[in-house]
Amino acid sequence: MPDNPVTVLVVDDDNEMTSIIQKVLVREQYQVLTAENGDEALTVMERHPVQVVVADWKMPCCDGMRLIEIARERFPQTKVIMITAFGEVNDYLDAMNRGAFEFLSKPLSIDELKTLVGQAAAAARPAPAP
Amino acid sequence: MIEAGSGEVNAFESGAAAASGDVNLRIRTLTCLLQLGRLIEAEDRVDSVRRRVPDLIAEGLGPSNQQGVKLSLGGFTFLSTWFVESPHVVRKKILSHQQPVGEIEVHLPETAGPLTPEQWDLLAGVAERMARFQERKNLQSALERSEQRYQRLFRQARDGIVLVDADTALILDANESFLDLVGGSLDELQTCKLWEVIAPEDREPFQADLERAIAETERQWQVAPIVATTRLGRQIEVTCSMLHFIESNVLQCICRDITERQMLTNRIAESENRYRAIFESTPVAMISCDTHGRVLDVNASLLSKFYGDAVTKDALVGQHVLELGLCDLQGRQVEFMQFLRGVCVQMRDVPILESSYRRAGYAHIRGIPLLDAQNKVILGLVIIEDITEVREAQRAMLQSAKMAAVGQMMAGFAHEIGTPLGIISANAQYLLNDWQGKPGAEELRVILHETNRITNLVQKLLIFSRPAAFKLAPASVNDLIREIVEMLRHQQILRSVEIVQNFAPDLPLIPLDATLIKQVFFNLIINAGQAMPNGGRLTLATRLVKSLAGGRFKGPFIEAEITDTGIGISPANLRKIFLPFFTTKEPGKGTGLGLSMSYRTVQNHGGTIVAESRGEGCGATFRVFLPLAGPADQTTETTGDWMEPIHYRGGNAHA
């Protein structure tokens, strides 16, 4: 594990989904935190610096859309990757317009998850000085 | 005409006796008759002639052998100045048209002998003259009475009567009623020709009509009436007849004032026109019939809706309403015809029979009796409201509502399944990563593979349940169908099928998503092929249609028709055919999504699909309607491949 690992916050109301994403990312050497909804995610982010958020679009309480808005305002450095149901073009456009970094479509491809989180982490953490 | 009385025949007719008479007596006879003749000529009054006749006869017969003469004529009796009744009487009957009208009695002294032939001649001569005189007088008084009657009639008649010189057309006489019609005084009129009392605009035709009428009176007593307007503006109907006199011919014209009648007639005609206009222009088909149900009239709507204007009204008039065979009353004919007994009859959703002029459909039909003041049926009215299009639109609307509901349900369903599937899939991927090359990896791959199969199905369901965005570009429907046909022509499924292509040339290009519409035609043609396992005929046709039922869809459209001669579709299945997962194929052979997705696709293009079948074994027809204008509410800016999952892969979206 690197000295200064990238912290990824996984936000999903489905514990099984959170769990599998967490397993994948931990194996990829990320520090992984979890939250069940947007409100909880914001609380976590206030306590721990988070570089990447992987959040479900549809959640009870504070959903993905509000989470992006608040996160952009309060944590402009954090990259948010949204997960949404298959083929919801409007959600996709909405999320991107509100400043999501990337977009993951269900069913989740683990390879794709790894690639996108990698890209987000690289973007969030400035490249080390040569 | 004058005959001797029965007792005196022999003496009167004896030529020998006449020849041998006394000359004086003959002279007296002649004098008497001469005087009688003068008297008749001079005297106009009947009585004064008849009164003097007995004396004349007495003088003629000579004073010696008579006691008096009695004349009975016209119900009166006249005696000679010197008259003594005697039992010795000779009588001479006065006969007119062989009927006794009077009698001359000569009372003779008892000693006197029989009358001489000269004396009989005298009596006979007087009798004859008196008979003629009486006849003439009767005739005269009859004429006078007739003249008076005519005058009364002429003066008091409510119709105007005018007598016109047939040669000059000058008015000779006219009654008050005629003066009322034309104005002016009789004196003024007597200087006018008849047409001068007619309104100027009518004068010329009237003159022509009158001259024709005068000519016609040569052949017939009365001629057809002439209608004209007088100078006072009254409408008159003139009936002419010719009165022939010795010196001249007089045309008698009876002029009836028809102004009111004409106004009434006009009003009736106007009303008739008004109601005819309503009858003709109403969009509802109407038939009027007599009390036996025979067609009297049909309106334009009936001719166009039920006969495509290929049959004229005359061909239908006279037939029985039921004979027209427009609707299938399903054994309720007698019940329906009750409207001719005075009961309003209404039958809803009656099937319209298919004919060479029109397709099958549905109608509300009503039979309405028209009653007179005594509630007696005088006329029947049959109103046929064609609701085929309404029903189709309702059915389409219901279908579309059903589809929307199913779509919504499916979206929820797909979401619910999608989440656990996603978790299973993610976990399987995670494990497979560790188990590569180890025992159980193959089984794990099978789990992943089967999970993906379910995922694919769920994805399709989601596509189905969600309004899709697509790429529109102008395309030729004919070309798209040809392409599919070429692709499938040699496939097993169409190998024994005869393909008839009947495409309308010069159809415009219309905006559509070619990939999706090709998929629609592909589905429909494959279905048609599967419906004909033992071969048959597949007819593909296109045409331009102006509008569709109910106005729910905006035309014009290109209609593509796919007709097979296969196993057909039962009415029950026809209703469900576009529902998702509905299939008549064997389990495992079809998903039941093809037609519903096609329906959805075409609907998203602003069009619709209509399925028709006359039942099992009778083949089926699918009609795809695609609007020339393209889908109304679809944006062409949104991209994305409809059939593929929308899966964002690029990294430049937020750049």
# chains A, B, ... in the order shown; residues from 1 in each chain; ligands from 1
>>> select_by_dssp(residues="chain A", states="helix (DSSP H, G or I)", output="number ranges by chain")
A: 15-27, 38-47, 64-74, 89-97, 110-124
>>> residues_around(residues="Gln338 (chain B)", least_positions_apart="3", cutoff="12 Å", atoms="only C-alpha atoms", output="VMD selection string")
chain B and resid 291 to 293 332 to 335 341 to 346 366 to 369 377 380 to 382
>>> closest_residue(among="A:Ile81, A:Val10, A:Ala55, A:Leu33", to="Leu116 (chain A)", atoms="only C-alpha atoms")
A:Ile81
>>> residues_around(residues="Leu33 (chain B)", least_positions_apart="4", cutoff="8 Å", atoms="only C-alpha atoms", output="ChimeraX atom specification")
/B:29,37,122,125-126
>>> write_last_selection(atoms="N, CA and C atoms", output="compact mmCIF listing (two decimals), in the first residue's frame")
# COMPACT_ATOMS: atom_id res chain seq x y z
N THR B 29 -158.23 30.87 -93.55
CA THR B 29 -157.16 30.09 -92.92
C THR B 29 -155.82 30.78 -93.12
N GLY B 37 -148.59 34.81 -87.78
CA GLY B 37 -147.15 35.00 -88.05
C GLY B 37 -146.71 36.41 -87.69
N LEU B 122 -156.17 24.58 -90.72
CA LEU B 122 -155.97 25.78 -89.93
C LEU B 122 -155.49 25.43 -88.53
N GLY B 125 -152.03 24.15 -88.63
CA GLY B 125 -151.06 25.23 -88.85
C GLY B 125 -150.82 26.03 -87.60
N VAL B 126 -151.92 26.36 -86.90
CA VAL B 126 -151.77 27.15 -85.67
C VAL B 126 -150.98 26.35 -84.62
>>> atom_distance(atom1="CA of Arg294 (chain B)", atom2="CA of His320 (chain B)")
4.3 Å
>>> residues_around(residues="region 65-70 of chain A", least_positions_apart="5", cutoff="8 Å", atoms="only C-alpha atoms", output="PyMOL selection string")
chain A and resi 38-39+42+57+75+80+95+98-100
>>> atom_distance(atom1="CA of Gln519 (chain B)", atom2="CA of Pro556 (chain B)")
22.7 Å
>>> atom_distance(atom1="CA of Val11 (chain A)", atom2="CA of Ile447 (chain B)")
26.9 Å
>>> closest_residue(among="A:Thr18, A:Thr34, A:Thr7, A:Thr43", to="chain B", atoms="only C-alpha atoms")
A:Thr18
>>> residues_around(residues="Ala127 (chain B)", least_positions_apart="5", cutoff="10 Å", atoms="only C-alpha atoms", output="PDB file with C-alpha atoms, in the first residue's frame")
ATOM      1  CA  ILE B   2    -146.842  18.374 -85.637  1.00  0.00           C
ATOM      2  CA  GLU B   3    -149.356  15.625 -85.871  1.00  0.00           C
ATOM      3  CA  ALA B   4    -153.085  15.522 -85.826  1.00  0.00           C
ATOM      4  CA  LEU B  71    -155.933  27.334 -75.983  1.00  0.00           C
ATOM      5  CA  LYS B  92    -155.958  19.547 -81.735  1.00  0.00           C
ATOM      6  CA  LYS B  93    -152.821  18.660 -79.689  1.00  0.00           C
ATOM      7  CA  ILE B  94    -149.802  20.905 -79.777  1.00  0.00           C
ATOM      8  CA  LEU B  95    -146.727  18.723 -79.940  1.00  0.00           C
ATOM      9  CA  SER B  96    -143.170  19.777 -79.392  1.00  0.00           C
ATOM     10  CA  GLY B 102    -150.721  22.106 -75.110  1.00  0.00           C
ATOM     11  CA  GLU B 103    -154.047  21.773 -76.860  1.00  0.00           C
ATOM     12  CA  ILE B 104    -156.517  23.698 -78.966  1.00  0.00           C
ATOM     13  CA  ASP B 121    -155.449  22.524 -91.780  1.00  0.00           C
ATOM     14  CA  LEU B 122    -155.966  25.783 -89.931  1.00  0.00           C
ATOM     15  CA  ARG B 132    -142.499  26.547 -82.484  1.00  0.00           C
ATOM     16  CA  PHE B 133    -143.306  29.792 -80.777  1.00  0.00           C
TER      17      PHE B 133
END
>>> select_by_dssp(residues="region 45-121 of chain A", states="strand (DSSP E or B)", output="MDAnalysis selection string")
chainID A and resid 52:56 79:84 102:105
>>> residues_around(residues="Phe78 (chain B)", least_positions_apart="6", cutoff="10 Å", atoms="only C-alpha atoms", output="PyMOL selection string")
chain B and resi 47+50-55+69-72+104
>>> write_last_selection(atoms="N, CA and C atoms", output="JSON list (two decimals), in the first residue's frame")
[["chain", "number", "residue", "atom", "x", "y", "z"],
["B", 47, "ASP", "N", -147.38, 36.08, -73.33],
["B", 47, "ASP", "CA", -148.79, 36.09, -72.92],
["B", 47, "ASP", "C", -149.69, 36.78, -73.94],
["B", 50, "ARG", "N", -150.30, 34.53, -76.82],
["B", 50, "ARG", "CA", -151.17, 33.39, -76.53],
["B", 50, "ARG", "C", -152.62, 33.83, -76.27],
["B", 51, "ARG", "N", -152.70, 35.04, -75.69],
["B", 51, "ARG", "CA", -154.06, 35.53, -75.37],
["B", 51, "ARG", "C", -154.89, 35.76, -76.65],
["B", 52, "ARG", "N", -154.22, 36.19, -77.70],
["B", 52, "ARG", "CA", -154.98, 36.55, -78.91],
["B", 52, "ARG", "C", -155.22, 35.37, -79.84],
["B", 53, "VAL", "N", -154.49, 34.31, -79.60],
["B", 53, "VAL", "CA", -154.59, 33.18, -80.53],
["B", 53, "VAL", "C", -156.01, 32.58, -80.60],
["B", 54, "PRO", "N", -156.72, 32.37, -79.44],
["B", 54, "PRO", "CA", -158.06, 31.78, -79.57],
["B", 54, "PRO", "C", -158.99, 32.59, -80.49],
["B", 55, "ASP", "N", -158.92, 33.93, -80.42],
["B", 55, "ASP", "CA", -159.78, 34.76, -81.28],
["B", 55, "ASP", "C", -159.39, 34.58, -82.74],
["B", 69, "VAL", "N", -163.18, 29.02, -78.69],
["B", 69, "VAL", "CA", -161.91, 28.29, -78.81],
["B", 69, "VAL", "C", -161.13, 28.43, -77.49],
["B", 70, "LYS", "N", -160.58, 27.33, -77.05],
["B", 70, "LYS", "CA", -159.76, 27.36, -75.83],
["B", 70, "LYS", "C", -158.32, 26.90, -76.18],
["B", 71, "LEU", "N", -157.33, 27.70, -75.73],
["B", 71, "LEU", "CA", -155.93, 27.33, -75.98],
["B", 71, "LEU", "C", -155.26, 27.04, -74.62],
["B", 72, "SER", "N", -154.76, 25.82, -74.51],
["B", 72, "SER", "CA", -154.00, 25.49, -73.30],
["B", 72, "SER", "C", -152.53, 25.33, -73.71],
["B", 104, "ILE", "N", -155.49, 22.73, -78.51],
["B", 104, "ILE", "CA", -156.52, 23.70, -78.97],
["B", 104, "ILE", "C", -157.87, 22.95, -78.92]]
>>> residues_around(residues="region 597-600 of chain B", least_positions_apart="5", cutoff="7 Å", atoms="only C-alpha atoms", output="compact mmCIF listing (two decimals) with N, CA and C atoms, in the first residue's frame")
# COMPACT_ATOMS: atom_id res chain seq x y z
N PHE B 464 -37.23 -1.48 -24.23
CA PHE B 464 -38.64 -1.51 -24.60
C PHE B 464 -39.46 -0.55 -23.76
N VAL B 520 -38.20 -3.71 -37.80
CA VAL B 520 -39.66 -3.89 -37.78
C VAL B 520 -40.09 -4.76 -38.96
N PHE B 578 -49.86 -7.43 -29.81
CA PHE B 578 -48.74 -6.50 -29.62
C PHE B 578 -48.27 -6.45 -28.15
N THR B 608 -48.20 3.87 -36.53
CA THR B 608 -48.82 2.76 -35.81
C THR B 608 -48.81 1.50 -36.67
N ILE B 609 -49.07 0.39 -36.03
CA ILE B 609 -49.22 -0.87 -36.78
C ILE B 609 -50.62 -1.40 -36.51
>>> closest_residue(among="A:Lys114, A:Arg74, A:Lys106, A:His48", to="chain B", atoms="only C-alpha atoms")
A:Lys106
>>> closest_residue(among="A:Gln22, A:Met96, A:Thr115, A:Ala122", to="chain B", atoms="only C-alpha atoms")
A:Met96
>>> closest_residue(among="A:Ala41, A:Asp56, A:Ile20, A:Cys62", to="chain B", atoms="only C-alpha atoms")
A:Ile20
